[in-house]
$ cat my_file.csv   # CSV, C-alpha atoms
chain,number,residue,atom,x,y,z
A,1,MET,CA,-16.1,-14.4,24.0
A,2,ALA,CA,-16.6,-15.8,20.4
A,3,ASP,CA,-19.1,-12.9,19.7
A,4,LEU,CA,-16.5,-10.4,20.9
A,5,GLN,CA,-13.8,-12.0,18.8
A,6,ARG,CA,-16.0,-11.9,15.7
A,7,LEU,CA,-17.0,-8.3,16.4
A,8,SER,CA,-13.3,-7.4,16.8
A,9,LEU,CA,-12.4,-8.8,13.3
A,10,ASP,CA,-15.4,-7.3,11.5
A,11,GLU,CA,-13.4,-4.1,10.6
A,12,VAL,CA,-10.5,-6.2,9.4
A,13,VAL,CA,-12.7,-8.3,7.2
A,14,LEU,CA,-14.1,-5.2,5.5
A,15,HIS,CA,-10.7,-4.2,4.1
A,16,PHE,CA,-10.9,-7.3,1.8
A,17,ALA,CA,-14.5,-7.0,0.9
A,18,GLU,CA,-13.7,-5.7,-2.6
A,19,LEU,CA,-11.0,-8.2,-3.3
A,20,GLU,CA,-12.0,-10.2,-6.4
A,21,ASP,CA,-11.9,-13.9,-5.9
A,22,PRO,CA,-9.5,-15.5,-8.5
A,23,ARG,CA,-10.7,-19.0,-7.9
A,24,SER,CA,-13.1,-21.1,-10.0
A,25,THR,CA,-16.7,-21.1,-8.6
A,26,VAL,CA,-16.6,-24.9,-8.8
A,27,ASN,CA,-16.1,-26.5,-5.3
A,28,ARG,CA,-15.3,-23.1,-3.7
A,29,GLN,CA,-15.7,-24.0,0.0
A,30,HIS,CA,-14.0,-21.3,1.9
A,31,PRO,CA,-14.8,-17.5,1.8
A,32,LEU,CA,-11.8,-15.6,0.2
A,33,VAL,CA,-11.9,-12.9,3.0
A,34,SER,CA,-11.6,-15.5,5.7
A,35,VAL,CA,-8.7,-17.2,3.9
A,36,VAL,CA,-6.8,-13.9,3.6
A,37,VAL,CA,-7.5,-12.8,7.2
A,38,ILE,CA,-6.2,-16.2,8.5
A,39,ALA,CA,-3.1,-15.7,6.4
A,40,VAL,CA,-2.4,-12.3,7.9
A,41,MET,CA,-2.9,-13.6,11.5
A,42,ALA,CA,-0.8,-16.7,10.9
A,43,VAL,CA,2.1,-14.6,9.6
A,44,LEU,CA,1.8,-12.3,12.6
A,45,ALA,CA,2.2,-15.5,14.7
A,46,GLY,CA,5.3,-16.6,12.8
A,47,ALA,CA,4.1,-18.6,9.8
A,48,ASN,CA,6.5,-18.4,6.8
A,49,GLY,CA,4.6,-20.2,4.1
A,50,PRO,CA,1.2,-21.9,3.2
A,51,THR,CA,2.1,-25.0,5.1
A,52,ALA,CA,2.8,-23.1,8.3
A,53,ILE,CA,-0.3,-21.0,7.8
A,54,ALA,CA,-2.5,-24.1,7.6
A,55,ARG,CA,-0.8,-25.7,10.6
A,56,TRP,CA,-1.4,-22.6,12.7
A,57,ALA,CA,-5.0,-22.4,11.6
A,58,ALA,CA,-5.6,-26.0,12.4
A,59,LEU,CA,-4.2,-25.5,15.9
A,60,LYS,CA,-6.4,-22.3,16.4
A,61,GLY,CA,-9.5,-23.9,14.9
A,62,GLU,CA,-11.8,-23.1,17.8
A,63,PHE,CA,-10.7,-19.4,17.9
A,64,LEU,CA,-11.0,-19.0,14.1
A,65,MET,CA,-14.4,-20.7,13.8
A,66,GLY,CA,-15.8,-18.3,16.4
A,67,ALA,CA,-14.2,-15.2,14.9
A,68,LEU,CA,-14.6,-15.7,11.1
A,69,ASP,CA,-17.1,-17.0,8.5
A,70,LEU,CA,-15.9,-20.6,8.0
A,71,PRO,CA,-18.9,-22.7,7.0
A,72,ASN,CA,-16.8,-25.7,5.9
A,73,GLY,CA,-14.2,-25.6,8.7
A,74,ILE,CA,-10.6,-24.7,8.6
A,75,PRO,CA,-9.0,-24.5,5.1
A,76,ARG,CA,-6.1,-26.8,4.3
A,77,LYS,CA,-2.7,-25.8,3.1
A,78,ASP,CA,-3.6,-26.2,-0.6
A,79,VAL,CA,-6.3,-23.6,-0.2
A,80,PHE,CA,-3.9,-21.0,1.2
A,81,ARG,CA,-1.3,-21.9,-1.5
A,82,ARG,CA,-3.8,-21.6,-4.4
A,83,VAL,CA,-5.3,-18.4,-3.1
A,84,LEU,CA,-1.9,-16.7,-2.6
A,85,MET,CA,-0.6,-17.9,-5.9
A,86,ALA,CA,-3.8,-16.8,-7.8
A,87,LEU,CA,-4.2,-13.3,-6.3
A,88,ARG,CA,-2.6,-10.6,-8.4
A,89,PRO,CA,0.0,-8.9,-6.1
A,90,ALA,CA,-1.1,-5.4,-7.1
A,91,ALA,CA,-4.8,-6.2,-6.4
A,92,PHE,CA,-3.8,-7.9,-3.1
A,93,GLN,CA,-1.8,-4.9,-2.0
A,94,ALA,CA,-4.4,-2.4,-3.0
A,95,CYS,CA,-6.8,-3.9,-0.4
A,96,TYR,CA,-4.5,-2.6,2.3
A,97,VAL,CA,-4.6,1.1,1.2
A,98,ASN,CA,-7.4,2.2,3.5
A,99,TRP,CA,-6.0,0.2,6.4
A,100,LEU,CA,-2.6,1.7,6.0
A,101,GLU,CA,-4.0,5.2,5.7
A,102,SER,CA,-5.8,4.7,9.0
A,103,LEU,CA,-2.6,3.4,10.7
A,104,ARG,CA,-0.6,6.2,9.2
A,105,ALA,CA,-3.1,8.9,10.5
A,106,LYS,CA,-3.0,7.4,14.0
A,107,ALA,CA,0.8,7.2,14.0
A,108,ALA,CA,1.1,10.8,12.8
A,109,ALA,CA,-1.3,12.1,15.5
A,110,ALA,CA,0.6,10.2,18.2
A,111,SER,CA,4.1,11.4,17.0
A,112,ALA,CA,3.2,14.9,16.0
A,113,VAL,CA,5.6,14.7,13.1
A,114,GLU,CA,4.8,17.4,10.6
A,115,GLN,CA,7.0,16.3,7.7
A,116,PRO,CA,7.5,12.5,7.8
A,117,VAL,CA,10.5,10.8,6.3
A,118,LEU,CA,9.5,8.2,3.7
A,119,ALA,CA,12.5,6.1,2.8
A,120,ILE,CA,12.7,4.1,-0.4
A,121,ASP,CA,15.1,1.2,-0.8
A,122,GLY,CA,15.3,-2.2,-2.4
A,123,LYS,CA,15.8,-5.7,-0.9
A,124,THR,CA,16.5,-9.1,-2.4
A,125,ALA,CA,15.1,-12.4,-1.0
A,126,ARG,CA,18.3,-14.2,-1.8
A,127,ARG,CA,17.1,-17.8,-1.8
A,128,SER,CA,13.8,-17.2,-3.6
A,129,HIS,CA,15.4,-18.0,-7.0
A,130,ASP,CA,14.6,-21.0,-9.2
A,131,ARG,CA,17.5,-21.4,-11.5
A,132,LYS,CA,16.1,-24.6,-13.1
A,133,ASN,CA,13.2,-22.6,-14.4
A,134,GLY,CA,15.1,-19.3,-15.1
A,135,LEU,CA,13.5,-17.4,-12.2
A,136,GLY,CA,15.8,-15.0,-10.4
A,137,ALA,CA,15.6,-14.0,-6.8
A,138,LEU,CA,12.8,-11.7,-5.8
A,139,HIS,CA,13.9,-8.1,-5.6
A,140,SER,CA,11.4,-5.6,-4.3
A,141,VAL,CA,11.4,-1.8,-3.8
A,142,SER,CA,9.4,-0.6,-0.8
A,143,ILE,CA,8.6,2.7,0.9
A,144,TRP,CA,9.0,2.9,4.7
A,145,ALA,CA,7.6,5.6,7.0
A,146,SER,CA,10.6,5.8,9.3
A,147,GLU,CA,9.0,7.7,12.3
A,148,PHE,CA,5.8,5.6,12.1
A,149,GLY,CA,7.3,2.1,11.5
A,150,LEU,CA,5.0,1.5,8.5
A,151,SER,CA,5.7,-0.2,5.2
A,152,LEU,CA,3.4,1.8,2.9
A,153,GLY,CA,4.0,0.1,-0.5
A,154,GLN,CA,6.0,-2.5,-2.4
A,155,VAL,CA,6.8,-3.0,-6.1
A,156,ALA,CA,8.7,-6.1,-7.3
A,157,CYS,CA,11.3,-5.9,-10.0
A,158,ALA,CA,13.6,-8.4,-11.7
A,159,GLU,CA,16.9,-7.2,-10.2
A,160,LYS,CA,18.6,-4.3,-8.4
A,161,SER,CA,19.4,-2.6,-11.7
A,162,ASN,CA,15.6,-2.2,-12.4
A,163,GLU,CA,15.1,-0.1,-9.2
A,164,ILE,CA,15.1,3.0,-11.4
A,165,THR,CA,11.9,2.0,-13.0
A,166,ALA,CA,10.3,0.6,-9.9
A,167,ILE,CA,10.9,3.7,-7.7
A,168,PRO,CA,8.3,5.8,-9.6
A,169,GLU,CA,5.8,3.0,-9.4
A,170,VAL,CA,6.1,2.7,-5.6
A,171,LEU,CA,5.9,6.5,-5.3
A,172,ARG,CA,2.5,6.4,-7.1
A,173,LEU,CA,1.2,3.9,-4.6
A,174,VAL,CA,1.5,6.3,-1.7
A,175,ASP,CA,0.2,9.8,-0.8
A,176,ILE,CA,3.6,11.5,-0.4
A,177,ARG,CA,2.3,15.1,0.0
A,178,GLY,CA,4.2,17.0,2.6
A,179,ALA,CA,6.8,14.2,3.2
A,180,ILE,CA,10.6,14.0,2.8
A,181,ILE,CA,11.5,11.2,0.3
A,182,THR,CA,14.9,9.7,0.9
A,183,ILE,CA,16.6,7.4,-1.7
A,184,ASP,CA,20.0,5.9,-2.0
A,185,ALA,CA,22.3,6.7,-5.0
A,186,MET,CA,20.4,4.4,-7.4
A,187,GLY,CA,17.4,6.8,-7.2
A,188,ALA,CA,19.4,9.9,-7.8
A,189,GLN,CA,17.7,10.5,-11.2
A,190,LYS,CA,16.3,13.8,-12.5
A,191,ALA,CA,12.9,12.2,-13.5
A,192,ILE,CA,12.5,10.8,-10.0
A,193,ALA,CA,13.3,14.2,-8.4
A,194,THR,CA,10.7,15.8,-10.7
A,195,GLU,CA,8.1,13.1,-9.7
A,196,ILE,CA,8.7,13.8,-6.0
A,197,ILE,CA,8.3,17.5,-6.4
A,198,ASP,CA,5.2,17.1,-8.6
A,199,GLY,CA,3.8,15.0,-5.8
A,200,GLN,CA,4.2,17.9,-3.4
A,201,ALA,CA,7.0,16.3,-1.4
A,202,ASP,CA,10.7,17.1,-0.9
A,203,TYR,CA,13.7,14.9,-1.6
A,204,VAL,CA,17.1,14.0,-0.1
A,205,LEU,CA,19.0,11.9,-2.7
A,206,ALA,CA,22.4,10.3,-2.0
A,207,LEU,CA,25.1,10.7,-4.6
A,208,LYS,CA,27.6,8.1,-5.9
A,209,GLY,CA,29.2,7.0,-9.1
A,210,ASN,CA,26.0,6.8,-11.1
A,211,GLN,CA,26.0,10.6,-11.2
A,212,ALA,CA,29.7,10.8,-11.4
A,213,THR,CA,30.0,14.4,-12.8
A,214,LEU,CA,27.5,15.8,-10.3
A,215,HIS,CA,29.0,13.8,-7.5
A,216,GLN,CA,32.5,15.1,-8.1
A,217,ALA,CA,31.2,18.7,-8.5
A,218,VAL,CA,29.5,18.5,-5.1
A,219,ILE,CA,32.6,17.2,-3.5
A,220,ASP,CA,34.7,19.9,-5.1
A,221,HIS,CA,32.4,22.7,-4.0
A,222,ILE,CA,32.2,21.4,-0.5
A,223,GLU,CA,36.0,21.0,-0.2
A,224,GLU,CA,36.4,24.6,-1.5
A,225,GLN,CA,34.0,25.8,1.2
A,226,LEU,CA,35.8,23.8,3.8
A,227,ASP,CA,39.0,25.7,2.9
A,228,GLY,CA,37.1,29.0,3.4
A,229,ASP,CA,35.0,30.3,6.2
A,230,LEU,CA,31.9,28.2,5.6
A,231,GLU,CA,29.8,31.3,5.0
A,232,GLY,CA,26.1,30.3,4.6
A,233,ALA,CA,26.7,26.7,5.8
A,234,GLN,CA,25.0,25.0,8.7
A,235,GLU,CA,26.6,22.3,10.9
A,236,LEU,CA,25.3,19.7,13.3
A,237,VAL,CA,27.3,17.1,15.3
A,238,THR,CA,25.7,14.2,17.0
A,239,THR,CA,27.1,11.4,19.1
A,240,GLU,CA,25.5,8.0,19.9
A,241,GLU,CA,26.8,5.3,22.1
A,242,GLY,CA,25.5,1.7,22.4
A,243,HIS,CA,26.3,-1.9,21.5
A,244,GLY,CA,29.9,-1.5,22.3
A,245,ARG,CA,30.5,1.4,19.9
A,246,MET,CA,30.5,5.2,19.8
A,247,GLU,CA,29.5,7.0,16.6
A,248,THR,CA,29.9,10.7,15.8
A,249,ARG,CA,28.2,12.1,12.8
A,250,THR,CA,28.9,15.5,11.4
A,251,TYR,CA,26.3,17.0,9.1
A,252,LEU,CA,27.2,20.0,6.9
A,253,GLN,CA,24.6,21.6,4.7
A,254,PHE,CA,25.2,24.3,2.0
A,255,PRO,CA,23.1,26.2,-0.5
A,256,ALA,CA,23.3,24.5,-3.8
A,257,PRO,CA,25.5,26.5,-6.2
A,258,LYS,CA,23.9,27.2,-9.6
A,259,THR,CA,27.2,26.2,-11.2
A,260,LEU,CA,26.6,22.5,-10.5
A,261,PRO,CA,26.3,20.4,-13.7
A,262,GLY,CA,22.7,20.2,-14.8
A,263,PHE,CA,21.5,22.4,-11.9
A,264,GLY,CA,18.4,23.6,-13.8
A,265,LEU,CA,17.4,20.0,-14.6
A,266,TRP,CA,17.2,18.9,-11.0
A,267,LYS,CA,13.8,20.3,-10.1
A,268,ALA,CA,13.6,22.5,-7.0
A,269,LEU,CA,17.3,21.7,-6.0
A,270,LYS,CA,18.1,24.0,-3.1
A,271,THR,CA,20.9,22.4,-1.0
A,272,ILE,CA,23.8,20.0,-0.9
A,273,ALA,CA,25.2,18.2,2.0
A,274,VAL,CA,28.0,16.0,3.3
A,275,VAL,CA,27.7,13.6,6.3
A,276,THR,CA,30.8,12.2,7.9
A,277,SER,CA,30.3,9.2,10.3
A,278,LEU,CA,33.2,8.3,12.6
A,279,CYS,CA,32.7,5.0,14.5
A,280,VAL,CA,34.9,3.7,17.2
A,281,ARG,CA,34.4,0.0,18.2
A,282,ASP,CA,36.9,-2.1,20.2
A,283,GLY,CA,39.5,0.6,19.8
A,284,LYS,CA,39.2,0.5,16.0
A,285,GLU,CA,38.1,3.6,14.1
A,286,THR,CA,36.3,3.6,10.8
A,287,ALA,CA,35.0,6.6,8.8
A,288,GLU,CA,32.4,7.0,6.1
A,289,VAL,CA,31.6,10.1,4.0
A,290,ARG,CA,28.3,10.5,2.1
A,291,TYR,CA,27.1,13.3,-0.2
A,292,TYR,CA,23.6,14.4,-0.9
A,293,ILE,CA,21.5,16.8,-3.0
A,294,SER,CA,18.1,18.0,-1.7
A,295,SER,CA,15.1,20.1,-2.3
A,296,LEU,CA,15.0,21.1,1.4
A,297,ALA,CA,15.8,24.6,2.3
A,298,MET,CA,18.6,25.3,4.7
A,299,ASP,CA,17.8,23.6,8.0
A,300,VAL,CA,20.5,21.1,9.0
A,301,LYS,CA,18.5,19.5,11.8
A,302,ARG,CA,15.7,18.6,9.3
A,303,LEU,CA,18.3,17.3,6.9
A,304,ALA,CA,19.9,15.2,9.7
A,305,ARG,CA,16.5,13.7,10.6
A,306,ALA,CA,15.9,12.8,6.9
A,307,VAL,CA,19.3,11.1,6.6
A,308,ARG,CA,18.9,9.2,9.8
A,309,GLY,CA,15.4,8.3,8.8
A,310,HIS,CA,16.6,6.7,5.6
A,311,TRP,CA,18.9,4.4,7.6
A,312,GLY,CA,15.7,3.3,9.4
A,313,ILE,CA,14.5,1.2,6.5
A,314,GLU,CA,17.7,-0.9,6.8
A,315,ASN,CA,17.6,-1.2,10.6
A,316,SER,CA,13.9,-1.3,11.4
A,317,CYS,CA,12.6,-3.0,8.3
A,318,HIS,CA,15.1,-5.0,6.2
A,319,TRP,CA,17.2,-6.2,9.1
A,320,VAL,CA,14.1,-7.4,11.0
A,321,LEU,CA,12.7,-9.2,7.9
A,322,ASP,CA,16.0,-11.1,7.5
A,323,VAL,CA,16.7,-11.8,11.2
A,324,THR,CA,13.2,-12.3,12.7
A,325,TYR,CA,11.1,-13.2,9.6
A,326,ARG,CA,14.0,-15.2,8.1
A,327,GLU,CA,13.0,-13.7,4.7
A,328,ASP,CA,16.4,-14.2,3.2
A,329,GLU,CA,16.1,-17.9,3.7
A,330,SER,CA,12.7,-18.2,2.1
A,331,ARG,CA,12.5,-20.9,-0.7
A,332,ILE,CA,9.0,-19.8,-2.0
A,333,ARG,CA,9.6,-19.8,-5.7
A,334,ASP,CA,6.2,-19.1,-7.3
A,335,GLU,CA,6.4,-15.6,-8.6
A,336,ALA,CA,3.0,-14.3,-7.3
A,337,LEU,CA,3.2,-16.3,-4.1
A,338,ARG,CA,6.6,-15.0,-3.1
A,339,GLU,CA,5.6,-11.4,-3.9
A,340,ASN,CA,2.3,-11.7,-1.9
A,341,PHE,CA,4.2,-13.3,1.0
A,342,ALA,CA,6.8,-10.5,1.0
A,343,TRP,CA,4.0,-8.0,1.3
A,344,LEU,CA,2.4,-10.0,4.2
A,345,ASN,CA,5.8,-9.9,5.9
A,346,ARG,CA,6.0,-6.1,5.5
A,347,PHE,CA,2.5,-5.4,6.5
A,348,THR,CA,2.5,-7.6,9.6
A,349,LEU,CA,5.8,-6.0,10.7
A,350,SER,CA,4.0,-2.7,10.4
A,351,LEU,CA,1.1,-3.9,12.6
A,352,LEU,CA,3.5,-5.2,15.2
A,353,ARG,CA,5.4,-1.9,15.3
A,354,GLN,CA,2.2,-0.1,16.1
A,355,HIS,CA,1.5,-2.2,19.2
A,356,PRO,CA,2.6,-0.4,22.4
A,357,ASP,CA,4.1,-3.4,24.0
A,358,ARG,CA,7.8,-2.5,24.7
A,359,THR,CA,9.3,-5.8,23.6
A,360,SER,CA,11.0,-7.2,20.6
A,361,ILE,CA,9.3,-8.0,17.3
A,362,ALA,CA,10.2,-11.6,17.8
A,363,MET,CA,8.5,-11.7,21.2
A,364,LYS,CA,5.5,-9.9,19.8
A,365,ARG,CA,5.1,-12.6,17.1
A,366,ARG,CA,5.4,-15.3,19.7
A,367,SER,CA,2.8,-13.5,21.8
A,368,CYS,CA,0.4,-13.4,18.8
A,369,GLY,CA,0.8,-17.2,18.5
A,370,TRP,CA,0.4,-17.8,22.3
A,371,ASN,CA,-2.5,-15.5,23.1
A,372,ASP,CA,-5.7,-14.9,21.0
A,373,ASN,CA,-6.5,-11.6,22.7
A,374,TYR,CA,-2.9,-10.3,22.1
A,375,MET,CA,-3.4,-11.3,18.4
A,376,LEU,CA,-6.7,-9.3,18.3
A,377,GLN,CA,-5.0,-6.3,19.9
A,378,VAL,CA,-2.3,-6.3,17.2
A,379,ILE,CA,-4.5,-6.9,14.2
A,380,THR,CA,-7.2,-4.4,15.2
A,381,GLY,CA,-5.0,-1.8,16.9
A,382,SER,CA,-7.2,-2.0,20.0
A,383,THR,CA,-6.5,-2.8,23.6
A,384,ILE,CA,-9.0,-5.6,24.3
$ encode --input "my_file.csv" --output "structure tokens"
Amino acid sequence: MADLQRLSLDEVVLHFAELEDPRSTVNRQHPLVSVVVIAVMAVLAGANGPTAIARWAALKGEFLMGALDLPNGIPRKDVFRRVLMALRPAAFQACYVNWLESLRAKAAAASAVEQPVLAIDGKTARRSHDRKNGLGALHSVSIWASEFGLSLGQVACAEKSNEITAIPEVLRLVDIRGAIITIDAMGAQKAIATEIIDGQADYVLALKGNQATLHQAVIDHIEEQLDGDLEGAQELVTTEEGHGRMETRTYLQFPAPKTLPGFGLWKALKTIAVVTSLCVRDGKETAEVRYYISSLAMDVKRLARAVRGHWGIENSCHWVLDVTYREDESRIRDEALRENFAWLNRFTLSLLRQHPDRTSIAMKRRSCGWNDNYMLQVITGSTI
């Protein structure tokens, strides 16, 4: 069994073979690759910091000794803390590129999605601040493959207002060719639209006050069309019921008029849209209206898939990180450590979402902690 477990992890270990060890060569007792792989597995099993990683590793000593190269036994918590503090977040994340490409290819083949929706959004780990030392809470921008349940990249920035500079960085981390990139109103920037088109992808960008003139012009044009016969427009109405509510969404897509302010500066702008959501819960009705610009040609079903896909980063990623991973409560305050741990959370969530077990993410994490074979299934993508 130990030989089978070691063989199962060989491919995982290879992903970190090129990771440069930041530690001094003096008294270096534990192989870097083994330390990192243990960290990944421990987070899969529910660990939320170096102390929890070390505790899980100590309890799983027999399993780990048989599966990994650990000539000096199981590392202690100071080893995990020092390694995750010393590793440069960009270098650490870069080791996962090939792994993620493999996961993405498998998910694409299984889903048969031709133009995946890649949603970009920011999230703050609210309790990760250290006011005494002038360190604000960690805010990171990540890119989420909605249909695949994969977090493909992450860039940390000082605060939400810096998302505009972080978005182009996260776009460069990922192969976006052939995808639909969705971003909330913060990312509705001409330079970002250009970068997406230059990357051979399409965009769907939400509009709000940060593009006030364009936002109002889109509203005015759509209202004018609504007063007419909607010539050239496409409409789709969907209804969903569940969790004690009924939500009806109406999608209206129009060709983008060339009279829009700055039309020529928004590269490949082709369509505009309005999405109205009407929600009834406990007899109370609420409504929300959102406006978009897009490089997509007229196809309201494809537009609707992109808009719904963007909400997936909130529901399938950020909500799970807060509720299941308790990320919002994290008090990790070292800058590199908290960023590396945020990435471990996102990556392990991606691995868990690939596992075919039809149960909750919370139960999958417990199962990883309870059963070594289940853990190996999740981390290797196999069915041992």
$ atom_distance --input "my_file.csv" --atom1 "atom CA of A:His30" --atom2 "atom CA of A:Ser151"
29.1 Å
$ closest_atom_pairs --input "my_file.csv" --of "stretch 313-367 of chain A" --to "stretch 113-128 of chain A" --cutoff "7 Å" --atoms "all atoms listed in the file" --output "Markdown table"
| residue | atom | partner | partner_atom | distance |
| --- | --- | --- | --- | --- |
| A:Ile313 | CA | A:Ala119 | CA | 6.5 |
| A:Glu327 | CA | A:Ala125 | CA | 6.2 |
| A:Asp328 | CA | A:Ala125 | CA | 4.8 |
| A:Glu329 | CA | A:Arg127 | CA | 5.6 |
| A:Ser330 | CA | A:Ser128 | CA | 5.9 |
| A:Arg331 | CA | A:Ser128 | CA | 4.9 |
| A:Ile332 | CA | A:Ser128 | CA | 5.7 |
| A:Arg333 | CA | A:Ser128 | CA | 5.4 |
$ residues_near_point --input "my_file.csv" --point "(23.2, 18.2, -13.5)" --cutoff "7 Å" --atoms "only C-alpha atoms" --output "list in words"
Leu214, Leu260, Pro261, Gly262, Phe263, Leu265 and Trp266 of chain A
$ residues_around --input "my_file.csv" --residues "stretch 354-370 of chain A" --least-positions-apart "4" --cutoff "6 Å" --atoms "all atoms listed in the file" --output "list in words"
Leu44, Ala45, Gly46, Thr324, Tyr374, Met375 and Val378 of chain A
$ write_last_selection --input "my_file.csv" --atoms "C-alpha atoms" --output "PDB file, keeping the file's coordinate frame"
ATOM      1  CA  LEU A  44       1.800 -12.300  12.600  1.00  0.00           C
ATOM      2  CA  ALA A  45       2.200 -15.500  14.700  1.00  0.00           C
ATOM      3  CA  GLY A  46       5.300 -16.600  12.800  1.00  0.00           C
ATOM      4  CA  THR A 324      13.200 -12.300  12.700  1.00  0.00           C
ATOM      5  CA  TYR A 374      -2.900 -10.300  22.100  1.00  0.00           C
ATOM      6  CA  MET A 375      -3.400 -11.300  18.400  1.00  0.00           C
ATOM      7  CA  VAL A 378      -2.300  -6.300  17.200  1.00  0.00           C
TER       8      VAL A 378
END
$ residues_around --input "my_file.csv" --residues "A:His221" --least-positions-apart "6" --cutoff "12 Å" --atoms "all atoms listed in the file" --output "compact mmCIF listing (two decimals) with C-alpha atoms, in the coordinates of the input"
# COMPACT_ATOMS: atom_id res chain seq x y z
CA LEU A 214 27.50 15.80 -10.30
CA HIS A 215 29.00 13.80 -7.50
CA ASP A 227 39.00 25.70 2.90
CA GLY A 228 37.10 29.00 3.40
CA LEU A 230 31.90 28.20 5.60
CA GLN A 253 24.60 21.60 4.70
CA PHE A 254 25.20 24.30 2.00
CA PRO A 255 23.10 26.20 -0.50
CA ALA A 256 23.30 24.50 -3.80
CA PRO A 257 25.50 26.50 -6.20
CA LYS A 258 23.90 27.20 -9.60
CA THR A 259 27.20 26.20 -11.20
CA LEU A 260 26.60 22.50 -10.50
CA PRO A 261 26.30 20.40 -13.70
CA THR A 271 20.90 22.40 -1.00
CA ILE A 272 23.80 20.00 -0.90
CA ALA A 273 25.20 18.20 2.00
CA VAL A 274 28.00 16.00 3.30
CA TYR A 291 27.10 13.30 -0.20
$ residues_near_point --input "my_file.csv" --point "(16.5, 0.0, 6.0)" --cutoff "10 Å" --atoms "only C-alpha atoms" --output "PyMOL selection string"
chain A and resi 119-123+142-144+146+309-320
$ atom_distance --input "my_file.csv" --atom1 "atom CA of A:Ala188" --atom2 "atom CA of A:Leu205"
5.5 Å
$ closest_residue --input "my_file.csv" --among "A:Ala94, A:Ala67, A:Ala342, A:Ala297" --to "A:Glu18" --atoms "all atoms listed in the file"
A:Ala94
$ residues_around --input "my_file.csv" --residues "A:Leu173" --least-positions-apart "6" --cutoff "12 Å" --atoms "all atoms listed in the file" --output "number ranges by chain"
A: 90-91, 93-98, 100-101, 141-143, 151-155, 166-167, 199
$ atom_distance --input "my_file.csv" --atom1 "atom CA of A:Thr165" --atom2 "atom CA of A:Glu288"
28.5 Å
$ closest_residue --input "my_file.csv" --among "A:Val170, A:Ser277, A:Ser382, A:Leu103" --to "A:Phe148" --atoms "only C-alpha atoms"
A:Leu103
$ decode --input "my_file.csv" --residues "stretch 117-121 of chain A" --atoms "all heavy atoms" --output "compact mmCIF listing (two decimals), in the first residue's frame"
# COMPACT_ATOMS: atom_id res chain seq x y z
N VAL A 117 -16.49 30.60 -19.71
CA VAL A 117 -16.61 31.90 -19.04
C VAL A 117 -15.56 31.97 -17.95
O VAL A 117 -15.53 31.13 -17.04
CB VAL A 117 -18.02 32.08 -18.44
CG1 VAL A 117 -18.10 33.38 -17.64
CG2 VAL A 117 -19.08 32.04 -19.53
N LEU A 118 -14.69 32.98 -18.03
CA LEU A 118 -13.68 33.21 -17.01
C LEU A 118 -14.04 34.50 -16.29
O LEU A 118 -13.97 35.59 -16.86
CB LEU A 118 -12.28 33.32 -17.63
CG LEU A 118 -11.82 32.14 -18.50
CD1 LEU A 118 -10.37 32.35 -18.96
CD2 LEU A 118 -11.96 30.81 -17.77
N ALA A 119 -14.46 34.37 -15.04
CA ALA A 119 -14.92 35.52 -14.26
C ALA A 119 -13.78 36.08 -13.42
O ALA A 119 -13.06 35.32 -12.77
CB ALA A 119 -16.09 35.11 -13.37
N ILE A 120 -13.64 37.39 -13.43
CA ILE A 120 -12.60 38.06 -12.64
C ILE A 120 -13.27 38.92 -11.58
O ILE A 120 -14.18 39.70 -11.88
CB ILE A 120 -11.69 38.93 -13.53
CG1 ILE A 120 -10.93 38.05 -14.52
CG2 ILE A 120 -10.72 39.75 -12.69
CD1 ILE A 120 -10.05 38.82 -15.48
N ASP A 121 -12.83 38.76 -10.34
CA ASP A 121 -13.42 39.55 -9.25
C ASP A 121 -12.44 39.60 -8.09
O ASP A 121 -11.54 38.76 -7.97
CB ASP A 121 -14.74 38.91 -8.80
CG ASP A 121 -15.62 39.90 -8.04
OD1 ASP A 121 -15.31 41.10 -8.06
OD2 ASP A 121 -16.61 39.46 -7.43
